[in-house]
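Q: To be precise about what I am sending: the file is called upload.csv and holds CSV, C-alpha atoms and all ligand atoms.
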```
chain,number,residue,atom,x,y,z
A,9,MET,CA,8.3,-42.0,139.8
A,10,ASP,CA,8.0,-38.2,139.4
A,11,HIS,CA,11.0,-36.2,138.2
A,12,PRO,CA,13.6,-37.7,140.6
A,13,VAL,CA,16.4,-35.2,140.7
A,14,ILE,CA,17.0,-33.9,144.2
A,15,ALA,CA,19.6,-31.6,145.7
A,16,HIS,CA,20.1,-32.9,149.3
A,17,ILE,CA,21.5,-30.2,151.5
A,18,ASP,CA,23.4,-31.4,154.6
A,19,LEU,CA,23.4,-28.5,157.1
A,20,GLU,CA,25.6,-30.4,159.5
A,21,ALA,CA,28.3,-30.5,156.9
A,22,LEU,CA,27.8,-26.8,156.4
A,23,HIS,CA,28.5,-26.3,160.1
A,24,HIS,CA,31.5,-28.6,159.9
A,25,ASN,CA,32.9,-26.5,157.1
A,26,LEU,CA,32.3,-23.3,159.1
A,27,ARG,CA,34.2,-24.8,162.0
A,28,GLU,CA,37.1,-25.7,159.7
A,29,ILE,CA,37.1,-22.1,158.4
A,30,LYS,CA,37.0,-20.7,162.0
A,31,ALA,CA,39.9,-22.9,163.0
A,32,ALA,CA,41.9,-21.4,160.1
A,33,VAL,CA,41.0,-17.8,161.1
A,34,PRO,CA,40.2,-17.9,164.8
A,35,LYS,CA,40.4,-14.2,165.3
A,36,SER,CA,38.3,-13.0,162.3
A,37,ASN,CA,34.7,-12.2,162.1
A,38,ILE,CA,32.9,-14.3,159.5
A,39,LEU,CA,31.0,-12.5,156.7
A,40,ALA,CA,29.4,-15.6,155.2
A,41,MET,CA,28.8,-15.4,151.5
A,42,VAL,CA,25.3,-16.5,150.6
A,43,LYS,CA,25.1,-14.7,147.2
A,44,CYS,CA,23.6,-16.4,144.2
A,45,ASP,CA,21.1,-18.4,146.4
A,46,ALA,CA,24.0,-19.6,148.6
A,47,TYR,CA,25.9,-20.9,145.6
A,48,GLY,CA,22.8,-22.8,144.6
A,49,HIS,CA,22.3,-24.4,148.1
A,50,GLY,CA,19.3,-22.3,149.1
A,51,ALA,CA,20.1,-18.9,150.7
A,52,VAL,CA,17.3,-18.7,153.2
A,53,GLU,CA,17.9,-22.2,154.7
A,54,VAL,CA,21.7,-21.7,154.7
A,55,ALA,CA,21.5,-18.3,156.3
A,56,LYS,CA,18.9,-19.5,158.9
A,57,SER,CA,21.2,-22.4,159.7
A,58,LEU,CA,24.3,-20.3,160.1
A,59,GLU,CA,22.8,-17.3,161.7
A,60,LEU,CA,24.0,-18.0,165.3
A,61,GLU,CA,27.5,-18.9,164.2
A,62,THR,CA,28.4,-16.0,161.8
A,63,THR,CA,28.7,-12.3,162.3
A,64,ALA,CA,27.1,-11.2,159.0
A,65,PHE,CA,26.0,-12.3,155.6
A,66,GLY,CA,27.2,-11.2,152.1
A,67,VAL,CA,25.0,-11.0,149.0
A,68,MET,CA,25.6,-9.3,145.7
A,69,PHE,CA,22.3,-7.5,145.1
A,70,LEU,CA,19.5,-5.8,147.0
A,71,LYS,CA,17.0,-8.4,145.9
A,72,GLU,CA,19.0,-11.1,147.6
A,73,ALA,CA,19.2,-9.1,150.8
A,74,LEU,CA,15.4,-8.6,150.7
A,75,GLN,CA,14.9,-12.3,150.4
A,76,LEU,CA,16.9,-12.9,153.6
A,77,ALA,CA,15.2,-10.1,155.5
A,78,ASP,CA,11.8,-11.4,154.4
A,79,ALA,CA,12.8,-14.8,155.8
A,80,GLY,CA,13.5,-13.2,159.2
A,81,ILE,CA,17.3,-13.1,159.1
A,82,LYS,CA,18.4,-10.5,161.7
A,83,LYS,CA,22.2,-10.6,161.4
A,84,PRO,CA,23.7,-7.7,159.3
A,85,ILE,CA,23.4,-8.3,155.5
A,86,VAL,CA,26.1,-6.7,153.4
A,87,ILE,CA,25.2,-5.9,149.7
A,88,LEU,CA,28.5,-6.3,147.8
A,89,THR,CA,27.5,-4.1,144.8
A,90,GLY,CA,25.9,-1.5,147.1
A,91,PHE,CA,23.1,0.5,145.3
A,92,PHE,CA,22.6,1.9,141.9
A,93,ASP,CA,20.1,4.7,142.5
A,94,ALA,CA,18.4,6.7,145.3
A,95,GLU,CA,15.4,4.4,145.4
A,96,GLU,CA,17.6,1.4,146.1
A,97,LEU,CA,19.4,3.3,148.8
A,98,SER,CA,16.1,4.3,150.5
A,99,ILE,CA,15.1,0.6,150.6
A,100,ILE,CA,18.5,-0.3,152.1
A,101,ASP,CA,18.0,2.4,154.7
A,102,LYS,CA,14.5,1.2,155.5
A,103,PHE,CA,15.8,-2.4,156.1
A,104,GLY,CA,19.1,-1.5,157.7
A,105,PHE,CA,21.3,-3.3,155.2
A,106,GLU,CA,25.0,-2.6,155.0
A,107,CYS,CA,26.6,-1.5,151.7
A,108,VAL,CA,29.9,-1.8,149.8
A,109,ILE,CA,30.7,1.6,148.3
A,110,HIS,CA,33.0,1.3,145.4
A,111,ASN,CA,32.5,4.3,143.1
A,112,PHE,CA,31.9,8.0,143.1
A,113,ALA,CA,28.5,7.7,141.6
A,114,GLN,CA,27.4,6.0,144.8
A,115,ILE,CA,29.0,8.7,147.0
A,116,GLU,CA,27.0,11.3,145.1
A,117,ILE,CA,23.7,9.4,145.6
A,118,LEU,CA,24.6,9.1,149.2
A,119,GLU,CA,25.4,12.8,149.6
A,120,ASN,CA,22.0,13.7,148.1
A,121,ALA,CA,20.0,11.2,150.1
A,122,LYS,CA,17.8,11.6,153.2
A,123,LEU,CA,18.4,8.6,155.4
A,124,SER,CA,16.7,7.7,158.6
A,125,ARG,CA,19.9,6.4,160.2
A,126,PRO,CA,23.6,6.3,159.4
A,127,LEU,CA,24.6,3.8,156.8
A,128,ARG,CA,27.2,1.1,157.5
A,129,VAL,CA,29.7,1.4,154.7
A,130,TRP,CA,32.3,-1.1,153.5
A,131,PHE,CA,34.8,1.0,151.6
A,132,LYS,CA,36.1,-1.0,148.7
A,133,ILE,CA,39.6,-0.4,147.4
A,134,ASP,CA,40.8,-1.9,144.1
A,135,THR,CA,44.2,-3.3,144.7
A,136,GLY,CA,44.5,-5.2,141.5
A,137,MET,CA,41.3,-7.1,140.7
A,138,HIS,CA,39.9,-4.2,138.6
A,139,ARG,CA,36.4,-5.2,139.0
A,140,LEU,CA,34.9,-3.1,141.8
A,141,GLY,CA,36.6,-0.6,144.1
A,142,PHE,CA,38.2,2.8,144.2
A,143,GLN,CA,41.4,3.1,142.3
A,144,LEU,CA,44.4,4.0,144.5
A,145,TYR,CA,44.5,7.6,143.4
A,146,GLN,CA,40.8,8.0,144.3
A,147,VAL,CA,41.0,6.6,147.8
A,148,GLN,CA,41.8,9.8,149.7
A,149,GLU,CA,39.0,11.9,148.1
A,150,ALA,CA,36.5,9.1,148.4
A,151,TYR,CA,37.4,8.3,152.0
A,152,GLN,CA,37.2,12.0,153.0
A,153,ARG,CA,33.8,12.5,151.4
A,154,LEU,CA,32.4,9.5,153.2
A,155,MET,CA,34.0,10.6,156.5
A,156,GLN,CA,32.4,14.0,156.1
A,157,ASN,CA,29.0,12.6,155.4
A,158,LYS,CA,26.9,12.6,158.6
A,159,MET,CA,24.7,9.8,157.3
A,160,VAL,CA,27.7,7.4,157.2
A,161,GLU,CA,28.5,5.3,160.2
A,162,LYS,CA,32.1,5.8,161.4
A,163,PRO,CA,34.6,4.3,161.3
A,164,LEU,CA,34.2,2.8,157.8
A,165,ARG,CA,35.0,-0.8,157.1
A,166,LEU,CA,37.9,-1.2,154.7
A,167,MET,CA,38.0,-4.0,152.1
A,168,THR,CA,39.6,-5.4,149.0
A,169,HIS,CA,39.2,-8.5,146.9
A,170,PHE,CA,41.9,-10.8,145.5
A,171,SER,CA,42.2,-11.9,141.8
A,172,ASP,CA,44.6,-14.8,142.2
A,173,ALA,CA,44.4,-16.1,145.8
A,174,ASP,CA,43.7,-19.7,144.5
A,175,ASN,CA,47.2,-19.7,143.0
A,176,ILE,CA,49.8,-20.0,145.8
A,177,LYS,CA,52.7,-19.9,143.3
A,178,ASN,CA,51.7,-16.5,142.0
A,179,ASN,CA,52.8,-13.5,144.1
A,180,LYS,CA,49.9,-11.3,143.0
A,181,THR,CA,48.1,-11.9,146.3
A,182,ALA,CA,51.1,-10.9,148.4
A,183,LYS,CA,51.3,-7.7,146.3
A,184,GLN,CA,47.6,-7.0,146.8
A,185,ILE,CA,47.9,-7.5,150.6
A,186,ALA,CA,51.0,-5.2,150.7
A,187,CYS,CA,49.2,-2.6,148.6
A,188,PHE,CA,46.1,-2.7,150.8
A,189,GLU,CA,48.1,-2.3,154.0
A,190,GLU,CA,49.9,0.7,152.5
A,191,VAL,CA,46.8,2.5,151.3
A,192,VAL,CA,44.8,2.0,154.5
A,193,VAL,CA,47.7,2.8,156.9
A,194,ASP,CA,46.3,6.3,157.7
A,195,LEU,CA,42.6,5.3,157.5
A,196,GLU,CA,40.5,4.2,160.4
A,197,GLY,CA,38.4,1.0,160.4
A,198,GLU,CA,38.4,-2.8,160.4
A,199,TRP,CA,39.8,-4.6,157.5
A,200,CYS,CA,38.3,-7.3,155.3
A,201,MET,CA,40.2,-9.2,152.5
A,202,ALA,CA,40.1,-13.0,152.3
A,203,ASN,CA,37.8,-15.2,150.2
A,204,SER,CA,38.0,-19.0,150.7
A,205,SER,CA,41.3,-19.5,148.9
A,206,ALA,CA,43.0,-16.7,150.9
A,207,ILE,CA,41.5,-18.1,154.2
A,208,LEU,CA,43.2,-21.4,153.3
A,209,SER,CA,46.5,-20.2,151.9
A,210,TRP,CA,47.3,-16.5,152.7
A,211,PRO,CA,47.5,-16.0,156.5
A,212,LYS,CA,48.4,-12.3,156.1
A,213,SER,CA,45.0,-11.7,154.7
A,214,HIS,CA,43.4,-13.0,157.9
A,215,VAL,CA,42.4,-9.7,159.4
A,216,HIS,CA,39.3,-8.5,161.3
A,217,TRP,CA,36.9,-10.0,158.8
A,218,VAL,CA,37.0,-12.8,156.2
A,219,ARG,CA,34.4,-13.6,153.4
A,220,PRO,CA,34.2,-17.4,152.9
A,221,GLY,CA,32.0,-18.7,150.1
A,222,ILE,CA,32.8,-21.9,148.3
A,223,ALA,CA,34.6,-23.5,151.3
A,224,LEU,CA,31.4,-23.2,153.4
A,225,TYR,CA,29.7,-25.4,150.9
A,226,GLY,CA,32.5,-28.0,151.1
A,227,ALA,CA,34.1,-27.5,147.7
A,228,SER,CA,37.6,-26.4,147.0
A,229,PRO,CA,38.6,-23.0,145.6
A,230,PHE,CA,41.7,-24.6,144.1
A,231,GLY,CA,42.1,-26.3,140.8
A,232,ASP,CA,44.4,-29.1,142.1
A,233,LYS,CA,42.7,-30.1,145.3
A,234,ASN,CA,39.2,-31.2,146.2
A,235,GLY,CA,37.1,-30.3,149.2
A,236,LEU,CA,37.8,-33.6,151.0
A,237,GLU,CA,41.5,-33.0,150.8
A,238,LEU,CA,40.9,-29.7,152.6
A,239,ASN,CA,39.0,-31.4,155.3
A,240,LEU,CA,35.7,-30.0,154.1
A,241,LYS,CA,32.5,-32.0,153.7
A,242,PRO,CA,30.2,-31.7,150.7
A,243,VAL,CA,27.0,-29.8,151.7
A,244,MET,CA,25.1,-30.7,148.4
A,245,THR,CA,24.5,-34.2,147.2
A,246,LEU,CA,22.8,-34.3,143.8
A,247,SER,CA,20.9,-37.5,143.2
A,248,SER,CA,18.5,-39.1,140.7
A,249,ARG,CA,17.4,-42.5,139.7
A,250,ILE,CA,17.7,-45.0,136.9
A,251,ILE,CA,14.5,-45.0,134.8
A,252,THR,CA,15.2,-47.8,132.4
A,253,ILE,CA,17.9,-50.5,131.8
A,254,HIS,CA,19.0,-51.9,128.4
A,255,ASP,CA,21.0,-55.1,127.5
A,256,LEU,CA,23.1,-54.0,124.6
A,257,GLU,CA,25.3,-55.8,122.2
A,258,LYS,CA,28.9,-55.0,121.4
A,259,GLY,CA,28.9,-52.1,119.0
A,260,ALA,CA,25.7,-50.5,120.1
A,261,THR,CA,25.9,-46.7,120.5
A,262,ILE,CA,24.5,-44.6,123.3
A,263,GLY,CA,22.6,-41.3,122.9
A,264,TYR,CA,22.8,-38.2,120.6
A,265,GLY,CA,25.7,-38.2,118.2
A,266,SER,CA,26.5,-41.9,119.0
A,267,THR,CA,29.6,-40.8,120.9
A,268,PHE,CA,29.9,-44.0,123.0
A,269,CYS,CA,30.1,-47.4,121.5
A,270,CYS,CA,29.7,-50.5,123.7
A,271,PRO,CA,33.1,-52.4,123.7
A,272,GLU,CA,31.3,-55.6,124.7
A,273,LYS,CA,27.8,-56.9,125.5
A,274,MET,CA,26.8,-54.8,128.5
A,275,GLN,CA,24.0,-53.2,130.5
A,276,VAL,CA,23.4,-49.5,130.2
A,277,GLY,CA,21.1,-47.6,132.5
A,278,THR,CA,19.2,-44.4,131.5
A,279,VAL,CA,19.3,-41.9,134.4
A,280,SER,CA,16.8,-39.1,134.7
A,281,ILE,CA,19.1,-36.0,134.7
A,282,GLY,CA,20.5,-33.8,132.1
A,283,TYR,CA,21.6,-30.2,131.3
A,284,GLY,CA,17.9,-29.2,131.8
A,285,ASP,CA,18.6,-29.9,135.5
A,286,GLY,CA,22.1,-28.2,135.4
A,287,TYR,CA,24.2,-31.3,134.9
A,288,PRO,CA,26.9,-30.0,132.5
A,289,ARG,CA,26.4,-31.0,128.9
A,290,ASN,CA,30.2,-31.1,128.4
A,291,THR,CA,30.7,-33.9,130.9
A,292,LYS,CA,32.6,-36.6,129.1
A,293,SER,CA,32.0,-40.3,128.8
A,294,GLY,CA,34.0,-41.8,131.6
A,295,ALA,CA,33.1,-39.2,134.2
A,296,PRO,CA,32.4,-40.8,137.6
A,297,ILE,CA,28.9,-41.6,138.8
A,298,LEU,CA,27.7,-43.6,141.8
A,299,VAL,CA,24.9,-46.2,141.3
A,300,ASN,CA,23.7,-47.8,144.5
A,301,GLY,CA,26.9,-46.4,146.0
A,302,ILE,CA,29.2,-48.1,143.5
A,303,ARG,CA,31.4,-46.1,141.3
A,304,THR,CA,30.8,-46.4,137.6
A,305,GLN,CA,30.9,-44.0,134.6
A,306,LEU,CA,28.8,-41.8,132.3
A,307,VAL,CA,28.5,-43.2,128.8
A,308,GLY,CA,27.4,-41.1,125.8
A,309,ARG,CA,26.5,-37.4,125.5
A,310,VAL,CA,24.5,-35.6,128.2
A,311,ALA,CA,21.0,-34.7,126.9
A,312,MET,CA,18.5,-32.3,128.3
A,313,ASP,CA,16.8,-34.8,130.5
A,314,MET,CA,18.8,-38.0,130.5
A,315,ILE,CA,22.2,-39.6,130.6
A,316,GLY,CA,23.5,-43.1,130.1
A,317,VAL,CA,25.4,-45.0,132.8
A,318,ASP,CA,27.6,-48.1,132.5
A,319,LEU,CA,26.0,-50.8,134.7
A,320,ARG,CA,28.8,-53.4,134.3
A,321,PRO,CA,30.1,-52.8,137.9
A,322,ILE,CA,26.5,-53.0,139.3
A,323,PRO,CA,24.9,-56.1,137.7
A,324,ASP,CA,22.0,-56.2,140.2
A,325,ALA,CA,20.9,-52.6,139.5
A,326,LYS,CA,17.2,-52.2,139.0
A,327,ILE,CA,14.9,-49.5,137.6
A,328,GLY,CA,14.7,-46.9,140.5
A,329,ALA,CA,18.3,-47.5,141.6
A,330,ALA,CA,19.8,-44.5,143.3
A,331,VAL,CA,22.3,-42.5,141.4
A,332,ILE,CA,24.6,-39.8,142.8
A,333,LEU,CA,25.9,-37.2,140.4
A,334,TRP,CA,28.1,-35.4,142.9
A,335,GLY,CA,28.4,-34.9,146.7
A,336,ARG,CA,28.8,-37.6,149.3
A,337,GLY,CA,31.3,-40.1,148.0
A,338,LEU,CA,31.8,-38.3,144.7
A,339,PRO,CA,33.6,-34.9,144.8
A,340,VAL,CA,32.0,-32.3,142.6
A,341,GLU,CA,35.5,-31.3,141.5
A,342,ALA,CA,35.8,-34.6,139.6
A,343,ILE,CA,32.7,-33.7,137.5
A,344,ALA,CA,33.9,-30.2,137.0
A,345,ALA,CA,37.2,-31.5,135.8
A,346,SER,CA,35.5,-33.9,133.4
A,347,ALA,CA,33.3,-31.2,132.0
A,348,GLY,CA,36.1,-28.7,131.8
A,349,GLU,CA,34.1,-26.4,134.1
A,350,TYR,CA,34.4,-24.9,137.6
A,351,GLN,CA,32.9,-26.4,140.7
A,352,TYR,CA,31.4,-23.0,141.6
A,353,GLU,CA,29.5,-23.0,138.4
A,354,LEU,CA,28.1,-26.5,138.7
A,355,PHE,CA,26.4,-25.5,142.0
A,356,CYS,CA,25.1,-22.2,140.7
A,357,ARG,CA,23.5,-23.5,137.5
A,358,LEU,CA,21.1,-26.1,138.9
A,359,THR,CA,17.7,-25.3,137.5
A,360,ARG,CA,14.3,-24.8,139.0
A,361,ARG,CA,13.4,-28.3,138.0
A,362,VAL,CA,15.6,-29.7,140.8
A,363,ARG,CA,13.9,-30.3,144.2
A,364,TYR,CA,15.7,-29.4,147.4
A,365,GLN,CA,15.6,-31.3,150.6
A,366,PHE,CA,17.3,-30.0,153.7
A,367,TYR,CA,18.7,-32.1,156.5
A,368,GLN,CA,19.7,-30.8,160.0
A,369,ARG,CA,22.0,-33.8,160.5
A,370,SER,CA,24.3,-35.8,158.2
A,371,ILE,CA,22.0,-38.8,158.2
A,372,ASP,CA,21.9,-41.5,155.6
A,373,ILE,CA,19.8,-39.7,152.9
A,374,GLY,CA,18.3,-43.0,151.8
A,375,ILE,CA,18.5,-42.6,148.1
B,1,LIG,C1,32.1,-14.4,145.9
B,1,LIG,C2,32.9,-13.5,146.7
B,1,LIG,C3,33.6,-14.0,147.8
B,1,LIG,C4,33.7,-15.5,148.2
B,1,LIG,O1,34.5,-16.2,147.3
B,1,LIG,P1,34.9,-17.7,147.5
B,1,LIG,O2,35.9,-18.0,146.5
B,1,LIG,O3,33.6,-18.4,147.1
B,1,LIG,O4,35.2,-17.9,148.9
B,1,LIG,C5,34.3,-13.1,148.6
B,1,LIG,N1,34.4,-11.8,148.3
B,1,LIG,C6,33.7,-11.3,147.2
B,1,LIG,C7,33.9,-9.9,146.9
B,1,LIG,C8,33.0,-12.1,146.4
B,1,LIG,O5,32.4,-11.7,145.3
```
Let me see whether you can do it: turn the structure in this file into structure tokens.

A:
Amino acid sequence: MDHPVIAHIDLEALHHNLREIKAAVPKSNILAMVKCDAYGHGAVEVAKSLELETTAFGVMFLKEALQLADAGIKKPIVILTGFFDAEELSIIDKFGFECVIHNFAQIEILENAKLSRPLRVWFKIDTGMHRLGFQLYQVQEAYQRLMQNKMVEKPLRLMTHFSDADNIKNNKTAKQIACFEEVVVDLEGEWCMANSSAILSWPKSHVHWVRPGIALYGASPFGDKNGLELNLKPVMTLSSRIITIHDLEKGATIGYGSTFCCPEKMQVGTVSIGYGDGYPRNTKSGAPILVNGIRTQLVGRVAMDMIGVDLRPIPDAKIGAAVILWGRGLPVEAIAASAGEYQYELFCRLTRRVRYQFYQRSIDIGI
């Protein structure tokens, strides 16, 4: 058995999730977020699969846009940090990428550039996130300078980003929406505000464009609900196999630090997965795991390459038995909660050691 950790990517589930999103925002164009290798799901395969169903793709950096263009993606690709120097801008021009413009340094580079065609600009306004975007007092000047620039496509697209949209009890999002509406009232152009959590809980943010990320991949943007409860399907199922089985006496301890002590005579399996694959080291004993489809628990501390699993509920488990760490039948949110981490991060930090398999249909993955 070679290193058996596999991320199974179910592209039918991806399409199911996109349909759910579209049902929530039937009038909006979809700017599908495939930054960070499509949240660890494989940007090229995800973008190819979604290309006919989305209006555009969003990435953070030029390098990510180039990866999609090299793979033959033809739909517009929006770079959410824009460019940092004239050289990057000339590459963006050459490939016809679109850009978020969020500061005056970029406007200056743009004013001094020679472009082959007008650049499609997404004009970003900071309504309270304080990460990227023009401050309210800068909006008029920045907007005018972009409008006067012949190498900028008109009208601009107008966007902002929410800091608290996953918290429906907090009125920050309502304030950001009201602020955006007020600032752009005299400006021309289509609007774009919502991430996944706003798509699912802030209807006023459902304007010309939306920018779903995590919901596409079937996980929840909220702390208190999982993807299934939002009618989403997990796109990634992370699997591995049992590589050895021990019969242990009451009192035997498992793994580094001897953090788990067998409460009775029991079988413990050693599973080939660890933080070297991206399984979070902070996941606690008791975290759910599926062995041969049956729910059991992690025992002991997560090591770089291995974890222990309680085999009491699966007495017939053998070496090679299939183990699911998250995905189908086991919400990633449960592991995130056990590890005190965030489901977004669990996807993004899978390492290069993990193999990927892509499926057009939600078939039995036979693990
Ligand atoms: C990542 C990102 C999104 C998508 O966020 P989700 O919570 O994953 O839906 C949308 N907009 C911007 C600016 C982002 O950086």

Q: Collect all residues with atoms no farther than 8 Å from ligand LIG 1 (chain B), counting only C-alpha atoms and all ligand atoms, and output them as a PDB file with C-alpha atoms, in the coordinates of the input.

A:
```pdb
ATOM      1  CA  MET A  41      28.800 -15.400 151.500  1.00  0.00           C
ATOM      2  CA  LYS A  43      25.100 -14.700 147.200  1.00  0.00           C
ATOM      3  CA  MET A  68      25.600  -9.300 145.700  1.00  0.00           C
ATOM      4  CA  LEU A  88      28.500  -6.300 147.800  1.00  0.00           C
ATOM      5  CA  THR A 168      39.600  -5.400 149.000  1.00  0.00           C
ATOM      6  CA  HIS A 169      39.200  -8.500 146.900  1.00  0.00           C
ATOM      7  CA  MET A 201      40.200  -9.200 152.500  1.00  0.00           C
ATOM      8  CA  ALA A 202      40.100 -13.000 152.300  1.00  0.00           C
ATOM      9  CA  ASN A 203      37.800 -15.200 150.200  1.00  0.00           C
ATOM     10  CA  SER A 204      38.000 -19.000 150.700  1.00  0.00           C
ATOM     11  CA  SER A 205      41.300 -19.500 148.900  1.00  0.00           C
ATOM     12  CA  ARG A 219      34.400 -13.600 153.400  1.00  0.00           C
ATOM     13  CA  PRO A 220      34.200 -17.400 152.900  1.00  0.00           C
ATOM     14  CA  GLY A 221      32.000 -18.700 150.100  1.00  0.00           C
ATOM     15  CA  ILE A 222      32.800 -21.900 148.300  1.00  0.00           C
ATOM     16  CA  ALA A 223      34.600 -23.500 151.300  1.00  0.00           C
ATOM     17  CA  LEU A 224      31.400 -23.200 153.400  1.00  0.00           C
ATOM     18  CA  PRO A 229      38.600 -23.000 145.600  1.00  0.00           C
ATOM     19  CA  TYR A 352      31.400 -23.000 141.600  1.00  0.00           C
TER      20      TYR A 352
END
```

Q: So how many Å separate atom CA of Asp45 of chain A and atom CA of Pro242 of chain A, to one decimal?

A: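 Spanning atom CA of Asp45 of chain A to atom CA of Pro242 of chain A is a straight-line distance of 16.7 Å.
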
Q: Identify, on the basis of all atoms listed in the file, every residue whose closest approach to Gly263 of chain A does not exceed 12 Å; exclude the query and any residue fewer than 5 positions from it along the same chain; express the result as a ChimeraX atom specification.

A: /A:268-270,276-279,293,306-317

Q: Any idea what the distance is between atom CA of Arg361 of chain A and atom CA of Val13 of chain A?

A: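 Distance between the two atoms: 8.0 Å.
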
Q: To one decimal place, how far is atom CA of Ile115 of chain A from atom CA of Leu154 of chain A in Å?

A: 7.1 Å
